[in-house]
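Notes follow once the structure below has been shown.
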Amino acid sequence: MSQRTQADLTQRFDTCKRAALGEMDRILAQWLPGGQTQKREYVVKNPTRDDSHAGSFSVNLDHGGWYDFATGDKGGDLVALVAYVEHCEQYAALQRMESFLGIEPPDHAGGHAASPPAARPPAKPASQPEPPEWEPVVPVPQAALASIPSAHPKHGEPWKRWRYLDSAGHLLMIVDRHHLPPALGQTKPSKVFSPLTWWRRTATGEGKWQRKGLPDPRPLLNLDRLAANPGAPVVVCEGEKSADAAADLMPEYVATCWPNGAQSASKADWTPLAGRNVVLWPDNDQAGIECMEALATRLQSVGVASVRLMRLDHFDRLADWDGEQAAFKEGGEWQEHDDAADLLGRAWSPLHLTALASQGVLFRDPPAPAKGKGKTKSSNQKGKRRAAAQHTPGFEVRDQGVYAIPEDGEPRRVCDRLNIIAQTRDERGHNWGLLVEFTDPDGIAKRWNIPAEALISEGAKDAISPLLSMGLKLDPKRPARLGKNDLISYLQGFAGSERARLVDRLGWHGEAYLLPSGSIGQSGEALEFVNHGAELPAIETAGTLADWQQHIGALCPGNDRLVLCVCAALAGPLLRVLGLESGGFHLYGDSSGGKTTHLQAAVSVYGAPKLVRSWRSTDNALESIAAAHSDGLLALDEIGMCSPRIIGETVYMLGNGTGKARANDRGNGKPVRHWRLLFLSTGEKTLEQHMDEANQMHRTGMDMRMLGVPADAGAGMGLFQELHGLAGPDKLSDALKASVAKYYGTPLVAWLDSLTQPDNLAHVVRTYAPTLARFEQETLPDKASGQAHRAASRFALAALAGELATDWGVTGWERYTAWGAAKTCFAAWLAERGGAGDQEGTKVLDALCHLVETHGDARFTRLGVNYQTDAHAPRTPNRLGWRRTEDPSTANDFIAVTTYFIPPATWGKDVWGRPGMPSARQANKVLKEHGVLQLDHEGKTSIKVPGLKVGGATRFYTFTDVDLYRARRAANDEQEQVA
């Protein structure tokens with residue numbers, strides 16, 4: 001190259017560099033977007049190595065020089081920066097910069113053509129990518145292993161070095177971790193990661209080690225161990241140090257990670273995990289949890305056998321020991337950004353993790369991806385995903401917080417990041433507000449609906465004070481008054497278009513089903529539950545649906561009462577869809593083998609065993625609990641714990657789906673709670689027996705609202721009939737108890753997800769009527785009573801839910817498993833009831849016969865032929881009425897007929913007002929229909945008896961023993977025929 005040509009090229013470089021300094025902002029926005037200005041440095045992520053956060057790479061805004069403190073890469077001007085970012089030669093970068101800045105090169109302006117050095121080819125047209133000057137070589141050649149640098153040119157020897165090997169043990173890359181002195185104001189050392197890879201110059205074949213990462217897809221750590229242990233489960237961590245710790249804490253797992261942190265998970269090669277059972281262990285921070293939840297979705301597409309996430313909310317305990325058993329104490333430490341290595345450093349051991357796993361609190365399922373508008377399934381864990389913040393003019397929401405952006409001057413930090421999600425209002429269009437979300441200093445996501453009226457209170461204290469109380473921090477570097485005023489302006493100036501509907505109950509809202517963690521199904525807008533005073537059911541998930549099917553669902557077939565309980569749990573969400581009333585099933589019997597276990601199996605459809613509630617509550621408390629379980633299942637254990645004084649009315653309340661009407665302190669009516677649910681109950685006795693022991697009034701309607709199913713299945717094993725290979729019913733019960741603590745909640749999510757698919761709700765409605773008709777046809781005689789049909793509808797509903805869930809892949813059962821179990825349990829209910837006839841009529845006749853047989857002589861005063869009191873008869877204590885017996889010689893068929901006369905007051909109070917007896921109105925109706933009571937000319941059931949004037953009574957309920965026993969025989973014959 002001539003001196004003139006070289007001088008022209010140098011002049012071109014100088015001209016371009018000077019022009020670039022004047023267009024610094026445009027150039028940085030083009031090639032390094034997203035950075036921040038710190039004093040006179042532009043700090044940004046290094047795009048060539050996928051930084052997880054900015055900090056080590058910066059550009060000087062005065063002269064354009066740049067430096068990467070992590071790798072040592074540097075340059076003196078912006079042309080060199082473009083060459084670095086674009087992976088091209090300096091001359092190619094010069095041409096791109098001239099084109100971007102609109103500078104015409106000398107050959108276009110009539111000057112001498114400046115060409116690059118002769119040894120290098122001319123730049124290719126922009127439409128064709130240039131071949132790279134260097135390319136990576138994997139695996140690293142054997143000859144290069146001897147020259148691996150032992151230290152970083154700037155940071156010295158690494159704190160630790162990790163070697164990434166392929167499945168055959170060949171080196172792919174190295175990652176060094178360096179500890180630097182703590183930054184200003186920090187106590188922990190700063191950490192810098194530096195990859196080390198082997199590269200080859202494409203033109204000459206020359207090779208050398210370079211401090212840069214591999215292009216994607218990048219390898220995972222410990223591929224050699226994965227290949228050596230093909231059946232082992234895998235735990236994936238965010239970094240190499242965490243993976244080492246996880247390997248110690250979970251020795252049965254192969255621990256791995258990917259290079260370059262949370263932001264680079266999408267650039268790793270995850271195919272080696274196909275077919276594996278995978279656990280994801282995120283760091284305890286927002287970015288880590290979001291990264292792992294997104295990675296779970298990616299792994300499912302790769303074809304892993306299962307994927308779960310570690311739960312982080314139990315690591316704040318202190319690891320302890322009870323002899324040789326792992327134990328826990330309060331007072332532990334679990335801070336933001338902590339990981340497996342921190343846990344290992346605090347004396348946690350594999351046995352401590354095993355203890356958490358046995359309690360069912362170590363793992364959780366990842367949130368399922370949204371399906372359709374308004375559909376969300378989010379985790380309940382600390383640090384769940386943040387919704388996007390909406391726009392407020394004059395403010396900007398960044399990861400570091402909310403900033404006020406003045407028209408001139410520097411941005412002012414207002415407070416921690418506070419996202420305004422949407423404007424809210426209730427179902428009537430009242431009670432407007434703002435839905436906000438932020439993360440408190442402990443890393444726990446907080447969500448609150450700020451009433452609009454709170455923003456106009458004095459100093460907006462009703463809005464600001466709760467936020468501060470929940471953990472929001474104003475910027476400490478500014479006066480609190482100024483920060484508060486900016487925060488008020490930020491909230492009041494919200495101009496977003498998003499809307500959310502405030503609701504005060506869980507369950508169905510249109511075609512969307514609201515859970516504590518979000519809604520499933522189609523909804524016109526987001527739903528936000530705001531009744532924070534309610535006691536929410538702990539609906540949550542653990543394990544996978546396949547786990548539940550294998551360890552719980554598989555033990556149900558052959559055990560009819562167990563299947564019925566699970567079907568009842570599935571049927572809860574169908575009540576509102578079909579317009580059916582609330583009701584329940586009651587498992588009763590002396591057997592202690594598994595009634596509570598059956599309830600736990602049922603609630604495993606929804607969540608952990610703690611969802612089983614106790615009958616030992618006041619009726620007011622149960623009212624609140626029922627409202628919280630609306631459109632679902634309520635499980636109540638041991639009815640004997642409930643006071644007999646309130647049990648009857650409580651059953652009525654649960655079945656009617658309505659709470660008490662109450663007034664507030666001003667005398668105005670409070671909103672009445674409503675619900676629609678199925679409930680399961682257990683106890684040693686029936687509801688009637690429980691109430692009779694306390695002399696409480698029992699009604700037939702109570703039994704219809706809570707259908708009693710005897711616990712004894714008749715196989716000599718209590719509630720169980722099929723042991724599924726286990727040694728005995730106690731072992732089967734123990735296996736269920738252990739499994740329900742580990743695997744739960746996933747059937748409900750899958751069931752609701754299926755229900756809310758297009759046309760499935762309509763399919764449920766179309767299917768119910770023919771299903772009920774078929775069920776009644778197979779189980780009831782033609783003359784079955786209305787009560788039997790009413791009970792059959794509830795068993796048929798359970799059967800329908802179980803069969804649909806089976807067809808949709810929820811239960812894992814064979815077809816007709818639920819159908820057969822419902823029929824068997826319904827038959828047991830009929831048998832204990834005495835058949836499908838009208839039990840209320842039989843009960844009335846039996847009760848009156850019992851009265852006559854027990855007290856016919858002792859409590860009825862004898863009358864003579866002329867209806868006068870027999871003076872020779874003994875005195876009658878506690879008299880119920882009078883009786884008159886005809887002489888058999890004068891009677892028809894020579895049968896002595898006794899007629900009984902009972903005054904109305906005694907009839908209503910002493911005969912039918914006793915606990916457990918039907919009401920006098922019900923008894924009169926039955927006795928009139930069966931021709932027992934003598935009627936007057938108007939058809940009234942009490943009559944005037946000529947000549948009988950005793951005790952001041954003028955009318956009497958009158959019947960004969962002949963008519964009474966004839967009616968009872970006829971009723972019994974009818975019951976036997978129906979049965």
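Naming works like this for the structure tokens: A, B, ... for the chains as they're shown, residue 1 at the start of each chain, ligands 1 onward in shown order.
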Mind checking DSSP for region 144-375 of chain A and telling me the helix (DSSP H, G or I) residues as JSON, numbers by chain?
{"A": [144, 145, 146, 147, 223, 224, 225, 226, 227, 228, 240, 241, 242, 243, 244, 245, 246, 247, 248, 249, 262, 263, 264, 265, 266, 267, 271, 272, 273, 286, 287, 288, 289, 290, 291, 292, 293, 294, 295, 296, 297, 298, 299, 300, 301, 302, 340, 341, 342, 343, 344, 345, 350, 351, 352, 353, 354, 355, 356, 357, 358]}
Neighbouring residues of Ala265 (chain A) were defined as those with any atom within 9 Å, considering only C-alpha atoms; residues of the same chain fewer than 6 positions away were excluded. Please report them as JSON, numbers by chain.
{"A": [238, 258, 259, 291, 292, 295]}
Please produce a file of those selected residues containing C-alpha atoms, as a PDB file, in the first residue's frame.
ATOM      1  CA  GLU A 238     -28.722 -21.088  37.988  1.00  0.00           C
ATOM      2  CA  TRP A 258     -26.109 -23.554  32.004  1.00  0.00           C
ATOM      3  CA  PRO A 259     -23.475 -20.836  31.414  1.00  0.00           C
ATOM      4  CA  CYS A 291     -36.328 -17.693  34.582  1.00  0.00           C
ATOM      5  CA  MET A 292     -37.041 -21.149  36.013  1.00  0.00           C
ATOM      6  CA  LEU A 295     -37.514 -22.824  31.570  1.00  0.00           C
TER       7      LEU A 295
END
From the DSSP assignment of the backbone, select every residue of region 895-966 of chain A that is strand (DSSP E), and format the answer as a ChimeraX atom specification.
/A:898-902,942-943,956-960
Give me the residues within 9 Å of Trp907 (chain A) as a PyMOL selection string, counting only C-alpha atoms and dropping any in the same chain fewer than 3 places off.
chain A and resi 880-881+902-904+910-913+920+956-957
Considering only C-alpha atoms, return as an mmCIF file with N, CA, C and O atoms, in the first residue's frame whatever protein or nucleic-acid residues lie within 7 Å of Tyr900 (chain A), sequence-local ones (same chain, fewer than 2 positions apart) excluded.
data_model
loop_
_atom_site.group_PDB
_atom_site.id
_atom_site.type_symbol
_atom_site.label_atom_id
_atom_site.label_comp_id
_atom_site.auth_asym_id
_atom_site.auth_seq_id
_atom_site.Cartn_x
_atom_site.Cartn_y
_atom_site.Cartn_z
ATOM 1 N N TRP A 882 -107.544 -39.888 75.821
ATOM 2 C CA TRP A 882 -108.523 -40.855 76.328
ATOM 3 C C TRP A 882 -108.670 -41.970 75.310
ATOM 4 O O TRP A 882 -108.360 -41.820 74.126
ATOM 5 N N ARG A 883 -109.187 -43.136 75.801
ATOM 6 C CA ARG A 883 -109.411 -44.269 74.923
ATOM 7 C C ARG A 883 -110.739 -44.939 75.277
ATOM 8 O O ARG A 883 -111.174 -44.919 76.425
ATOM 9 N N ARG A 884 -111.341 -45.514 74.255
ATOM 10 C CA ARG A 884 -112.623 -46.204 74.464
ATOM 11 C C ARG A 884 -112.588 -47.493 73.663
ATOM 12 O O ARG A 884 -112.349 -47.474 72.452
ATOM 13 N N THR A 898 -110.217 -50.269 69.714
ATOM 14 C CA THR A 898 -109.968 -49.181 70.661
ATOM 15 C C THR A 898 -109.817 -47.874 69.897
ATOM 16 O O THR A 898 -109.027 -47.797 68.940
ATOM 17 N N ILE A 902 -107.085 -37.574 71.310
ATOM 18 C CA ILE A 902 -105.961 -36.765 71.805
ATOM 19 C C ILE A 902 -106.259 -35.294 71.526
ATOM 20 O O ILE A 902 -106.525 -34.912 70.370
ATOM 21 N N THR A 958 -108.628 -38.136 66.399
ATOM 22 C CA THR A 958 -109.269 -39.405 66.720
ATOM 23 C C THR A 958 -108.871 -40.464 65.710
ATOM 24 O O THR A 958 -108.893 -40.228 64.500
ATOM 25 N N PHE A 959 -108.499 -41.642 66.227
ATOM 26 C CA PHE A 959 -108.141 -42.765 65.359
ATOM 27 C C PHE A 959 -108.358 -44.050 66.121
ATOM 28 O O PHE A 959 -108.435 -44.060 67.361
ATOM 29 N N THR A 960 -108.452 -45.158 65.388
ATOM 30 C CA THR A 960 -108.590 -46.477 66.009
ATOM 31 C C THR A 960 -107.321 -47.272 65.789
ATOM 32 O O THR A 960 -106.581 -47.055 64.829
#
When you look at Leu506 (chain A) with a cut-off of 9 Å (counting only C-alpha atoms), what residues show up, excluding the ones that are within fewer than 2 positions of it in the same chain? I need them as a list of chain:residue names.
A:Val503, A:Asp504, A:Trp508, A:His509, A:Tyr513, A:Leu514, A:Leu515, A:Pro516, A:Phe529, A:Leu536, A:Ala627, A:Ala628, A:His629, A:Ser630, A:Asp631
